[in-house]
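The structure file target-v2.csv is reproduced below (CSV, C-alpha atoms).
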chain,number,residue,atom,x,y,z
A,1,MET,CA,148.1,19.6,71.8
A,2,ILE,CA,151.7,19.3,73.1
A,3,ARG,CA,152.8,17.3,70.2
A,4,TYR,CA,151.1,19.6,67.7
A,5,LEU,CA,152.7,22.7,69.2
A,6,ALA,CA,156.1,21.1,69.6
A,7,GLU,CA,156.3,19.7,66.1
A,8,LYS,CA,155.1,23.0,64.6
A,9,GLU,CA,158.0,24.7,66.4
A,10,ILE,CA,160.5,22.0,65.3
A,11,ALA,CA,159.4,22.6,61.7
A,12,ARG,CA,159.8,26.3,62.1
A,13,THR,CA,163.4,25.9,63.3
A,14,GLY,CA,164.3,23.6,60.5
A,15,LYS,CA,166.2,21.3,62.9
A,16,SER,CA,165.2,17.8,63.7
A,17,ASP,CA,168.1,16.4,65.8
A,18,ALA,CA,167.3,14.6,69.0
A,19,LEU,CA,168.7,17.4,71.3
A,20,THR,CA,166.6,20.1,69.5
A,21,LYS,CA,163.5,18.0,69.8
A,22,ARG,CA,164.1,17.4,73.4
A,23,ARG,CA,164.4,21.0,74.3
A,24,ILE,CA,161.5,22.2,72.2
A,25,TYR,CA,159.2,19.5,73.8
A,26,GLY,CA,160.5,20.5,77.2
A,27,LYS,CA,159.8,24.2,76.7
A,28,THR,CA,156.4,23.4,75.2
A,29,CYS,CA,155.4,21.3,78.3
A,30,GLY,CA,156.6,24.1,80.6
A,31,ILE,CA,154.6,26.8,78.8
A,32,ALA,CA,151.5,24.7,78.6
A,33,GLY,CA,151.8,24.0,82.4
A,34,ILE,CA,152.0,27.7,83.2
A,35,PHE,CA,148.7,28.5,81.3
A,36,LEU,CA,146.8,25.4,82.5
A,37,ASN,CA,147.8,26.1,86.2
A,38,LEU,CA,146.7,29.7,85.9
A,39,PHE,CA,143.4,28.6,84.4
A,40,LEU,CA,142.8,26.1,87.3
A,41,SER,CA,143.9,28.6,89.9
A,42,ALA,CA,141.3,31.2,88.7
A,43,LEU,CA,138.6,28.5,88.3
A,44,LYS,CA,139.1,27.1,91.8
A,45,ILE,CA,139.4,30.4,93.6
A,46,ALA,CA,136.2,31.7,92.0
A,47,ALA,CA,134.3,28.5,92.7
A,48,GLY,CA,135.6,28.4,96.2
A,49,MET,CA,134.5,31.9,96.9
A,50,ILE,CA,131.1,31.3,95.4
A,51,ALA,CA,130.7,28.2,97.6
A,52,LYS,CA,132.4,29.8,100.6
A,53,SER,CA,134.8,26.8,100.6
A,54,LEU,CA,138.1,27.5,102.2
A,55,SER,CA,139.6,24.2,101.1
A,56,VAL,CA,138.8,24.8,97.5
A,57,VAL,CA,140.2,28.3,97.6
A,58,ALA,CA,143.4,27.0,99.2
A,59,ASP,CA,143.6,24.3,96.4
A,60,GLY,CA,143.3,27.2,93.9
A,61,PHE,CA,146.2,29.0,95.5
A,62,ASN,CA,148.2,25.7,95.4
A,63,ASN,CA,147.6,25.7,91.6
A,64,LEU,CA,149.0,29.2,91.5
A,65,SER,CA,152.2,27.9,93.2
A,66,ASP,CA,152.3,25.1,90.6
A,67,VAL,CA,152.9,27.8,88.0
A,68,LEU,CA,156.3,28.1,89.6
A,69,SER,CA,157.0,24.4,89.0
A,70,SER,CA,156.2,24.7,85.3
A,71,ALA,CA,158.2,28.0,85.1
A,72,ALA,CA,161.2,26.3,86.8
A,73,SER,CA,161.0,23.5,84.2
A,74,LEU,CA,160.7,26.0,81.3
A,75,ILE,CA,163.6,28.1,82.6
A,76,GLY,CA,165.8,25.0,83.1
A,77,PHE,CA,165.3,24.1,79.4
A,78,ARG,CA,165.9,27.6,78.2
A,79,LEU,CA,169.1,28.0,80.2
A,80,SER,CA,170.4,24.6,79.1
A,81,GLU,CA,170.3,25.8,75.5
A,82,ARG,CA,173.1,28.3,76.1
A,83,LYS,CA,176.3,27.6,74.4
A,84,PRO,CA,179.6,26.8,76.2
A,85,ASP,CA,181.5,29.9,77.3
A,86,LYS,CA,184.7,30.8,79.1
A,87,GLU,CA,183.1,30.4,82.5
A,88,HIS,CA,181.3,27.2,81.6
A,89,PRO,CA,183.3,25.3,78.9
A,90,TYR,CA,181.2,22.2,79.3
A,91,GLY,CA,178.0,23.9,78.5
A,92,HIS,CA,174.9,24.7,80.6
A,93,GLY,CA,173.0,21.4,80.3
A,94,ARG,CA,172.9,20.8,84.1
A,95,TYR,CA,170.5,23.7,84.5
A,96,GLU,CA,167.8,21.2,83.6
A,97,TYR,CA,168.9,19.1,86.6
A,98,ILE,CA,168.8,22.1,88.8
A,99,ALA,CA,165.2,22.8,87.6
A,100,ALA,CA,164.2,19.3,88.6
A,101,VAL,CA,165.6,19.8,92.1
A,102,ALA,CA,163.7,23.2,92.3
A,103,VAL,CA,160.4,21.5,91.4
A,104,THR,CA,161.0,18.7,93.9
A,105,ILE,CA,161.7,21.3,96.7
A,106,MET,CA,158.3,22.9,95.8
A,107,ILE,CA,156.6,19.5,96.2
A,108,LEU,CA,158.1,19.2,99.6
A,109,LEU,CA,157.0,22.7,100.6
A,110,PHE,CA,153.5,21.9,99.4
A,111,GLY,CA,153.4,18.7,101.4
A,112,TRP,CA,154.6,20.5,104.5
A,113,GLU,CA,152.0,23.3,104.2
A,114,LEU,CA,149.3,20.7,103.6
A,115,GLY,CA,150.4,18.8,106.7
A,116,LYS,CA,150.2,22.0,108.8
A,117,SER,CA,146.7,22.7,107.5
A,118,ALA,CA,145.6,19.1,108.2
A,119,TYR,CA,146.8,19.5,111.8
A,120,GLU,CA,144.7,22.6,112.2
A,121,LYS,CA,141.7,20.8,110.8
A,122,LEU,CA,142.2,17.9,113.3
A,123,ILE,CA,142.3,20.4,116.1
A,124,HIS,CA,139.3,22.5,114.8
A,125,PRO,CA,137.2,20.3,112.6
A,126,ALA,CA,134.4,22.0,110.6
A,127,PHE,CA,132.0,21.1,107.8
A,128,THR,CA,132.8,22.4,104.3
A,129,GLU,CA,130.2,24.3,102.3
A,130,TRP,CA,129.8,23.0,98.8
A,131,ASN,CA,127.5,23.1,95.7
A,132,ILE,CA,127.5,22.1,92.1
A,133,TRP,CA,130.1,24.8,91.2
A,134,THR,CA,132.5,23.4,93.7
A,135,MET,CA,132.2,19.9,92.4
A,136,ALA,CA,132.4,21.1,88.8
A,137,ALA,CA,135.6,23.0,89.5
A,138,LEU,CA,137.2,20.0,91.2
A,139,GLY,CA,136.1,17.7,88.4
A,140,ILE,CA,137.7,19.9,85.8
A,141,SER,CA,140.8,20.2,87.9
A,142,LEU,CA,141.2,16.4,88.1
A,143,ALA,CA,140.8,16.1,84.3
A,144,VAL,CA,143.3,18.9,83.5
A,145,LYS,CA,145.8,17.6,86.1
A,146,GLY,CA,145.5,14.1,84.8
A,147,TYR,CA,146.3,15.4,81.3
A,148,MET,CA,149.3,17.4,82.7
A,149,ALA,CA,150.6,14.4,84.6
A,150,SER,CA,150.2,12.3,81.5
A,151,TYR,CA,152.1,14.4,79.0
A,152,ASN,CA,154.9,15.4,81.4
A,153,TYR,CA,155.4,11.7,82.2
A,154,VAL,CA,155.3,10.5,78.6
A,155,TYR,CA,157.7,13.1,77.3
A,156,GLY,CA,159.8,12.9,80.5
A,157,LYS,CA,160.3,9.2,79.8
A,158,ARG,CA,160.8,9.7,76.1
A,159,PHE,CA,163.5,12.3,76.5
A,160,GLU,CA,164.8,11.0,79.9
A,161,SER,CA,164.1,14.4,81.5
A,162,ASP,CA,164.2,14.6,85.3
A,163,ALA,CA,162.6,18.1,85.1
A,164,LEU,CA,159.5,16.9,83.2
A,165,LEU,CA,159.2,13.8,85.4
A,166,ALA,CA,159.3,16.0,88.5
A,167,VAL,CA,156.5,18.1,87.2
A,168,ALA,CA,154.6,14.9,86.4
A,169,LYS,CA,154.9,13.9,90.0
A,170,ASP,CA,153.8,17.3,91.1
A,171,SER,CA,150.7,17.0,89.0
A,172,ARG,CA,150.0,13.5,90.4
A,173,ASN,CA,150.3,14.9,93.9
A,174,ASP,CA,147.8,17.6,93.0
A,175,ILE,CA,145.4,14.9,91.7
A,176,ILE,CA,145.7,13.1,95.1
A,177,ALA,CA,145.2,16.3,97.1
A,178,THR,CA,142.1,17.3,95.0
A,179,SER,CA,140.7,13.8,95.2
A,180,GLY,CA,141.0,14.1,99.0
A,181,ILE,CA,138.9,17.2,98.9
A,182,VAL,CA,136.2,15.5,96.8
A,183,LEU,CA,136.2,12.5,99.1
A,184,THR,CA,135.9,14.8,102.1
A,185,LEU,CA,132.9,16.6,100.6
A,186,ILE,CA,131.2,13.3,99.7
A,187,LEU,CA,131.7,11.9,103.2
A,188,GLU,CA,130.5,15.1,104.9
A,189,ARG,CA,127.4,15.1,102.7
A,190,VAL,CA,126.5,11.4,102.9
A,191,VAL,CA,127.5,10.2,106.4
A,192,LYS,CA,127.8,13.6,108.2
A,193,ILE,CA,131.3,13.1,109.5
A,194,ARG,CA,134.3,15.5,109.3
A,195,PRO,CA,137.3,13.5,107.9
A,196,ASP,CA,139.0,16.5,106.2
A,197,GLY,CA,141.9,16.6,108.8
A,198,VAL,CA,142.7,12.9,108.7
A,199,ILE,CA,142.5,12.6,104.9
A,200,SER,CA,144.6,15.7,104.4
A,201,LEU,CA,147.2,14.4,106.9
A,202,LEU,CA,147.5,11.1,105.0
A,203,ILE,CA,147.8,12.9,101.7
A,204,ALA,CA,150.5,15.3,103.2
A,205,ALA,CA,152.5,12.3,104.5
A,206,PHE,CA,152.4,10.6,101.0
A,207,ILE,CA,153.5,13.8,99.3
A,208,LEU,CA,156.4,14.4,101.7
A,209,TYR,CA,157.5,10.7,101.3
A,210,SER,CA,157.3,11.1,97.5
A,211,GLY,CA,159.1,14.4,97.6
A,212,ILE,CA,162.0,13.0,99.6
A,213,ARG,CA,162.4,10.1,97.2
A,214,SER,CA,162.3,12.5,94.2
A,215,LEU,CA,164.8,14.8,95.8
A,216,LYS,CA,167.4,12.0,95.9
A,217,GLU,CA,166.6,11.0,92.3
A,218,THR,CA,167.0,14.6,91.1
A,219,LEU,CA,170.2,15.3,93.1
A,220,ASP,CA,172.0,12.2,91.8
A,221,PRO,CA,172.8,13.6,88.3
A,222,LEU,CA,174.2,16.7,90.0
A,223,ILE,CA,176.3,14.8,92.5
A,224,GLY,CA,177.4,12.2,90.0
A,225,GLU,CA,175.9,8.8,89.3
A,226,PRO,CA,177.0,5.8,87.2
A,227,PRO,CA,175.8,5.6,83.6
A,228,SER,CA,172.9,3.3,82.8
A,229,GLU,CA,173.6,-0.3,81.8
A,230,GLU,CA,172.1,0.4,78.5
A,231,PHE,CA,174.6,3.2,77.8
A,232,VAL,CA,177.5,1.1,78.9
A,233,GLY,CA,176.3,-1.7,76.7
A,234,LYS,CA,176.2,0.6,73.7
A,235,VAL,CA,179.7,1.8,74.4
A,236,ARG,CA,181.0,-1.8,74.7
A,237,GLU,CA,179.2,-2.8,71.5
A,238,ILE,CA,180.8,0.0,69.5
A,239,VAL,CA,184.3,-0.5,70.9
A,240,SER,CA,184.2,-4.3,70.7
A,241,GLY,CA,182.7,-4.1,67.2
A,242,GLU,CA,186.2,-3.5,65.9
A,243,LYS,CA,187.9,-6.9,65.6
A,244,GLU,CA,191.3,-5.4,66.4
A,245,ILE,CA,190.1,-4.5,69.9
A,246,LEU,CA,190.9,-7.3,72.4
A,247,GLY,CA,189.0,-5.7,75.3
A,248,MET,CA,188.2,-2.5,77.1
A,249,HIS,CA,188.3,-1.2,80.7
A,250,ASP,CA,188.6,1.9,82.8
A,251,LEU,CA,185.4,3.4,81.3
A,252,SER,CA,184.5,6.8,82.9
A,253,VAL,CA,181.4,8.7,82.0
A,254,HIS,CA,181.0,12.4,82.8
A,255,ASP,CA,177.5,13.8,82.3
A,256,TYR,CA,177.4,17.6,81.9
A,257,GLY,CA,173.7,17.6,80.9
A,258,PRO,CA,171.6,16.2,78.1
A,259,GLY,CA,173.6,16.1,74.8
A,260,ASN,CA,176.9,16.8,76.6
A,261,VAL,CA,178.4,13.5,77.7
A,262,MET,CA,182.2,12.9,77.9
A,263,ILE,CA,183.7,9.4,78.2
A,264,SER,CA,187.2,8.0,78.5
A,265,LEU,CA,188.2,4.4,78.3
A,266,HIS,CA,191.2,2.1,77.7
A,267,ALA,CA,191.1,-0.2,74.7
A,268,GLU,CA,193.4,-3.2,74.5
A,269,VAL,CA,195.2,-3.8,71.2
A,270,ASP,CA,197.8,-6.2,70.0
A,271,ALA,CA,201.3,-4.8,70.9
A,272,SER,CA,202.7,-5.9,67.6
A,273,LYS,CA,200.4,-3.5,65.7
A,274,ASN,CA,201.8,-0.5,63.9
A,275,PHE,CA,201.4,2.7,65.9
A,276,ALA,CA,199.9,4.6,63.0
A,277,GLU,CA,197.3,1.8,62.4
A,278,VAL,CA,196.4,1.8,66.1
A,279,HIS,CA,196.0,5.6,66.1
A,280,GLU,CA,193.7,5.4,63.0
A,281,LEU,CA,191.7,2.7,64.7
A,282,ILE,CA,191.2,4.7,67.9
A,283,ASP,CA,190.2,7.8,65.9
A,284,ARG,CA,187.6,5.8,64.0
A,285,ILE,CA,186.0,4.5,67.3
A,286,GLU,CA,186.0,7.9,68.9
A,287,LYS,CA,184.1,9.3,65.8
A,288,GLU,CA,181.6,6.4,65.9
A,289,LEU,CA,180.9,7.1,69.6
A,290,LYS,CA,180.3,10.7,68.8
A,291,GLU,CA,177.9,9.9,65.9
A,292,LYS,CA,175.9,7.2,67.6
A,293,LEU,CA,175.9,8.3,71.3
A,294,GLY,CA,176.6,12.0,71.0
A,295,ALA,CA,179.5,11.5,73.4
A,296,GLU,CA,182.9,13.1,73.2
A,297,ALA,CA,185.3,10.2,73.7
A,298,THR,CA,189.0,9.9,74.7
A,299,ILE,CA,190.4,6.5,74.2
A,300,HIS,CA,193.8,5.3,75.5
A,301,ALA,CA,195.3,2.3,73.7
A,302,ASP,CA,196.7,-0.4,75.9
A,303,PRO,CA,199.2,-2.7,74.1
A,304,VAL,CA,198.8,-6.4,75.0
A,305,VAL,CA,201.4,-9.1,74.2
A,306,ILE,CA,199.1,-11.9,73.1
A,307,ASP,CA,201.8,-14.5,72.2
A,308,ASP,CA,203.6,-14.5,75.6
A,309,PRO,CA,203.2,-18.0,77.3
A,310,VAL,CA,204.3,-16.5,80.6
A,311,ARG,CA,201.5,-13.9,80.4
A,312,THR,CA,199.0,-16.5,79.4
A,313,GLU,CA,199.9,-18.6,82.4
A,314,TYR,CA,199.6,-15.8,84.8
A,315,GLU,CA,196.3,-14.6,83.2
A,316,LYS,CA,194.8,-18.1,83.8
A,317,LYS,CA,196.2,-18.3,87.3
A,318,ILE,CA,194.8,-14.9,88.4
A,319,ARG,CA,191.4,-15.6,86.9
A,320,ASN,CA,191.1,-18.9,88.7
A,321,LEU,CA,192.2,-17.3,92.0
A,322,LEU,CA,189.7,-14.5,91.7
A,323,GLU,CA,186.8,-16.9,90.8
A,324,LYS,CA,187.6,-18.9,93.9
A,325,GLU,CA,188.4,-16.2,96.4
A,326,TYR,CA,186.5,-13.1,95.2
A,327,PRO,CA,184.0,-14.0,92.5
A,328,GLY,CA,182.8,-10.4,91.9
A,329,THR,CA,186.3,-9.1,91.3
A,330,SER,CA,188.0,-8.9,87.9
A,331,PHE,CA,191.3,-7.6,86.6
A,332,HIS,CA,192.9,-6.0,83.6
A,333,ASP,CA,196.1,-4.4,82.3
A,334,LEU,CA,198.2,-7.5,83.0
A,335,ARG,CA,201.9,-6.8,82.2
A,336,ILE,CA,204.9,-9.1,82.5
A,337,ARG,CA,208.4,-7.6,82.6
A,338,LYS,CA,211.6,-9.5,82.9
A,339,GLU,CA,214.8,-7.8,84.1
A,340,ALA,CA,218.1,-9.3,85.4
A,341,GLY,CA,216.6,-12.7,85.9
A,342,LYS,CA,213.6,-11.4,87.8
A,343,THR,CA,209.9,-11.3,86.8
A,344,GLU,CA,207.6,-8.4,87.5
A,345,VAL,CA,203.9,-9.1,87.3
A,346,GLU,CA,201.7,-6.0,87.3
A,347,PHE,CA,197.9,-5.7,86.9
A,348,ASP,CA,194.8,-3.8,88.2
A,349,LEU,CA,192.0,-5.3,90.2
A,350,VAL,CA,188.4,-4.1,89.8
A,351,ILE,CA,186.7,-4.5,93.1
A,352,PRO,CA,182.9,-3.9,93.2
A,353,TYR,CA,181.4,-1.5,95.8
A,354,GLU,CA,179.5,-4.3,97.5
A,355,GLU,CA,182.6,-6.2,98.5
A,356,LYS,CA,183.0,-5.9,102.3
A,357,THR,CA,186.6,-6.9,102.5
A,358,PRO,CA,188.9,-3.9,102.6
A,359,ASP,CA,190.7,-3.3,99.2
A,360,GLU,CA,194.1,-3.4,100.8
A,361,THR,CA,193.4,-6.8,102.3
A,362,ILE,CA,192.3,-8.2,99.0
A,363,ARG,CA,195.3,-6.8,97.3
A,364,GLU,CA,197.7,-8.2,99.8
A,365,GLU,CA,196.1,-11.7,99.8
A,366,ILE,CA,196.2,-11.9,96.0
A,367,ALA,CA,199.8,-10.7,95.9
A,368,ALA,CA,200.8,-13.2,98.5
A,369,LYS,CA,199.3,-16.1,96.7
A,370,LEU,CA,200.9,-15.2,93.4
A,371,ALA,CA,204.3,-14.4,94.9
A,372,GLU,CA,207.2,-16.8,94.0
A,373,LYS,CA,211.0,-16.6,94.2
A,374,ASP,CA,212.3,-13.9,92.0
A,375,VAL,CA,208.8,-12.7,91.2
A,376,ARG,CA,207.5,-9.3,92.2
A,377,VAL,CA,203.8,-8.7,92.1
A,378,LEU,CA,202.4,-5.1,91.7
A,379,ILE,CA,198.6,-4.7,92.1
A,380,GLY,CA,196.6,-1.6,91.6
A,381,VAL,CA,192.9,-1.2,92.6
A,382,ASP,CA,190.0,0.3,90.7
A,383,LYS,CA,186.6,0.9,92.1
A,384,SER,CA,183.8,0.6,89.6
A,385,GLU,CA,181.1,-1.8,88.5
A,386,TYR,CA,181.3,-1.0,84.8
A,387,ARG,CA,185.0,-0.9,84.0

When written as structure tokens, how does the structure in this file appear?
Amino acid sequence: MIRYLAEKEIARTGKSDALTKRRIYGKTCGIAGIFLNLFLSALKIAAGMIAKSLSVVADGFNNLSDVLSSAASLIGFRLSERKPDKEHPYGHGRYEYIAAVAVTIMILLFGWELGKSAYEKLIHPAFTEWNIWTMAALGISLAVKGYMASYNYVYGKRFESDALLAVAKDSRNDIIATSGIVLTLILERVVKIRPDGVISLLIAAFILYSGIRSLKETLDPLIGEPPSEEFVGKVREIVSGEKEILGMHDLSVHDYGPGNVMISLHAEVDASKNFAEVHELIDRIEKELKEKLGAEATIHADPVVIDDPVRTEYEKKIRNLLEKEYPGTSFHDLRIRKEAGKTEVEFDLVIPYEEKTPDETIREEIAAKLAEKDVRVLIGVDKSEYR
């Protein structure tokens, strides 16, 4: 159903680019979620009132609150469509990330409320009244929620949407909660025990744990996180695909929402190359990054003197020293300058976050081991795993 409705809307718009498809599928999932949750809410409340089952009625009101989750997802996709303006020159794509955080907060609230109800049931246990209408409503609920969890997860993965994945987790938690009610009803009927409080408490604990983990995952894009290895690999493949490029470093990626990624990097080129040729080369790479990755790129050309024996000697010396002393550390931008009989060696170290030794200590140790008479060593420090 989701695919049919989304593809029909895509055909109506006449646009088939990846970003348009992503947003239309996201909005379709949100609208479907609103109607399905309204249907489940009405069904459970009616069945619960007929069976005089408070837990089923409460589960129905939970589905009513789930409408807000689907609505938050829908609103996030709608707002993210807005074009850049004076106040938001980088667009509104991060509204989708905010929607994912909102859904996760709703999951945590549901877990908290379920935990409070479970505690009350532990203190005041009671048997639940049920009949065929109760079980039918719960069975339909499990089937519909399974469908919702499935399509939100599939399209969340396909379009890398945190908002849809958050709704998928919300639907999964509903399946677990409803399954707990079914298990409670069966145990009460078969073995005459009242496990509702214990089962609800366990489910609440799982939902809270899941919600806390999800909150971190949905906050990361807003706070700022490193790009995926796959994305970095594609950037390297495109840049290094030009034979004139000797290497790249200082890659920075800024994510302003789906379809609005900005990157900057340094590309090493032969210093003897004509400036106009280098400029044309850099322009060509920037355009290719835009076409293939949808990323606005700014590339700084770093000239490298490739036929300098002194530079070659220091390059080998630094590489061997780092491999021996600090295997996870690399370097770039090696420059050799000679003035008034003195040599100046300058380069940047790239120290991984896992390295426990203070950056200043590493810098001083490397500089001391490279220092010689009439040689000045200047070392900068970068902090990134993908430069």

Review point. In Å, how far is it from CA of Phe206 in chain A to CA of Ala177 in chain A?
Key: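 CA of Ala177 in chain A lies 10.0 Å from CA of Phe206 in chain A.
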
Point to revise | Atomic separation - CA of Gly156 in chain A relative to CA of Pro84 in chain A, Å | key: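 So the two atoms, CA of Pro84 in chain A and CA of Gly156 in chain A, lie 24.6 Å apart.
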
Could you list as an mmCIF file with C-alpha atoms, keeping the file's coordinate frame every residue that has an atom within 9 Å of (170.2, 27.2, 79.1), using the file's coordinates and counting all atoms listed in the file?
data_model
loop_
_atom_site.group_PDB
_atom_site.id
_atom_site.type_symbol
_atom_site.label_atom_id
_atom_site.label_comp_id
_atom_site.auth_asym_id
_atom_site.auth_seq_id
_atom_site.Cartn_x
_atom_site.Cartn_y
_atom_site.Cartn_z
ATOM 1 C CA ILE A 75 163.600 28.100 82.600
ATOM 2 C CA GLY A 76 165.800 25.000 83.100
ATOM 3 C CA PHE A 77 165.300 24.100 79.400
ATOM 4 C CA ARG A 78 165.900 27.600 78.200
ATOM 5 C CA LEU A 79 169.100 28.000 80.200
ATOM 6 C CA SER A 80 170.400 24.600 79.100
ATOM 7 C CA GLU A 81 170.300 25.800 75.500
ATOM 8 C CA ARG A 82 173.100 28.300 76.100
ATOM 9 C CA LYS A 83 176.300 27.600 74.400
ATOM 10 C CA GLY A 91 178.000 23.900 78.500
ATOM 11 C CA HIS A 92 174.900 24.700 80.600
ATOM 12 C CA GLY A 93 173.000 21.400 80.300
ATOM 13 C CA ARG A 94 172.900 20.800 84.100
ATOM 14 C CA TYR A 95 170.500 23.700 84.500
ATOM 15 C CA GLU A 96 167.800 21.200 83.600
#

Review point. Just how far from CA of Cys29 in chain A is CA of Lys216 in chain A, in Å to one decimal?
Key: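 Calculated distance between CA of Lys216 in chain A and CA of Cys29 in chain A is 23.2 Å.
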
Using all atoms listed in the file, which residues sit within 9 Å of Ser65 in chain A once same-chain residues fewer than 6 positions away are excluded, as a compact mmCIF listing (two decimals) with C-alpha atoms, keeping the file's coordinate frame?
# COMPACT_ATOMS: atom_id res chain seq x y z
CA ASN A 37 147.80 26.10 86.20
CA SER A 41 143.90 28.60 89.90
CA MET A 106 158.30 22.90 95.80
CA PHE A 110 153.50 21.90 99.40

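Every polymer residue reaching to within 9 Å of (187.0, -7.7, 88.7), counting only C-alpha atoms, appears in this list: Leu322, Tyr326, Pro327, Gly328, Thr329, Ser330, Phe331, His332, Asp348, Leu349, Val350, Ile351, Pro352, Asp382, Ser384, Glu385 and Arg387 of chain A.
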
Point to revise | Ala166 in chain A environment, 10 Å, all atoms listed in the file, sequence neighbours closer than 4 positions dropped, as a PyMOL selection string | key: chain A and resi 69-70+73+99-104+107+149+152-153+156+161-162+170-172+211+214-215+217-218

Can you write just those residues out, C-alpha atoms, as an mmCIF file, in the coordinates of the input?
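Now in result-v5.cif:
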data_model
loop_
_atom_site.group_PDB
_atom_site.id
_atom_site.type_symbol
_atom_site.label_atom_id
_atom_site.label_comp_id
_atom_site.auth_asym_id
_atom_site.auth_seq_id
_atom_site.Cartn_x
_atom_site.Cartn_y
_atom_site.Cartn_z
ATOM 1 C CA SER A 69 157.000 24.400 89.000
ATOM 2 C CA SER A 70 156.200 24.700 85.300
ATOM 3 C CA SER A 73 161.000 23.500 84.200
ATOM 4 C CA ALA A 99 165.200 22.800 87.600
ATOM 5 C CA ALA A 100 164.200 19.300 88.600
ATOM 6 C CA VAL A 101 165.600 19.800 92.100
ATOM 7 C CA ALA A 102 163.700 23.200 92.300
ATOM 8 C CA VAL A 103 160.400 21.500 91.400
ATOM 9 C CA THR A 104 161.000 18.700 93.900
ATOM 10 C CA ILE A 107 156.600 19.500 96.200
ATOM 11 C CA ALA A 149 150.600 14.400 84.600
ATOM 12 C CA ASN A 152 154.900 15.400 81.400
ATOM 13 C CA TYR A 153 155.400 11.700 82.200
ATOM 14 C CA GLY A 156 159.800 12.900 80.500
ATOM 15 C CA SER A 161 164.100 14.400 81.500
ATOM 16 C CA ASP A 162 164.200 14.600 85.300
ATOM 17 C CA ASP A 170 153.800 17.300 91.100
ATOM 18 C CA SER A 171 150.700 17.000 89.000
ATOM 19 C CA ARG A 172 150.000 13.500 90.400
ATOM 20 C CA GLY A 211 159.100 14.400 97.600
ATOM 21 C CA SER A 214 162.300 12.500 94.200
ATOM 22 C CA LEU A 215 164.800 14.800 95.800
ATOM 23 C CA GLU A 217 166.600 11.000 92.300
ATOM 24 C CA THR A 218 167.000 14.600 91.100
#

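Residues with any atom within 10 Å of Ile24 in chain A, counting all atoms listed in the file and excluding same-chain neighbours fewer than 6 positions away, are Leu5, Ala6, Glu7, Lys8, Glu9, Ile10, Thr13, Gly30, Leu74, Phe77 and Arg78 of chain A.
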
Practice item. Compare A:Lys287, A:Ile207, A:Tyr119, A:Lys383 by their minimum atom-to-atom distance to Leu251 in chain A, counting only C-alpha atoms, and give me the closest one. Key: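 Answer, going by the shortest atom-to-atom distance: A:Lys383.
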
Practice item. For Asp255 in chain A, please output as number ranges by chain all residues within 8 Å (counting only C-alpha atoms; exclusion window: fewer than 4 positions along the same chain). Key: A: 221, 224, 260-262

**Study point:** From A:Glu280, A:Asp302, A:Asp250, A:Asp66, residue lying nearest Ala168 in chain A [only C-alpha atoms]
**Key:**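 Comparing A:Glu280, A:Asp302, A:Asp250, A:Asp66 against Ala168 in chain A, the winner is A:Asp66.
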
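If only C-alpha atoms are the atoms counted, then among A:Gly33, A:Pro227, A:Pro258, A:Gly294 the closest residue to Val67 in chain A is A:Gly33.
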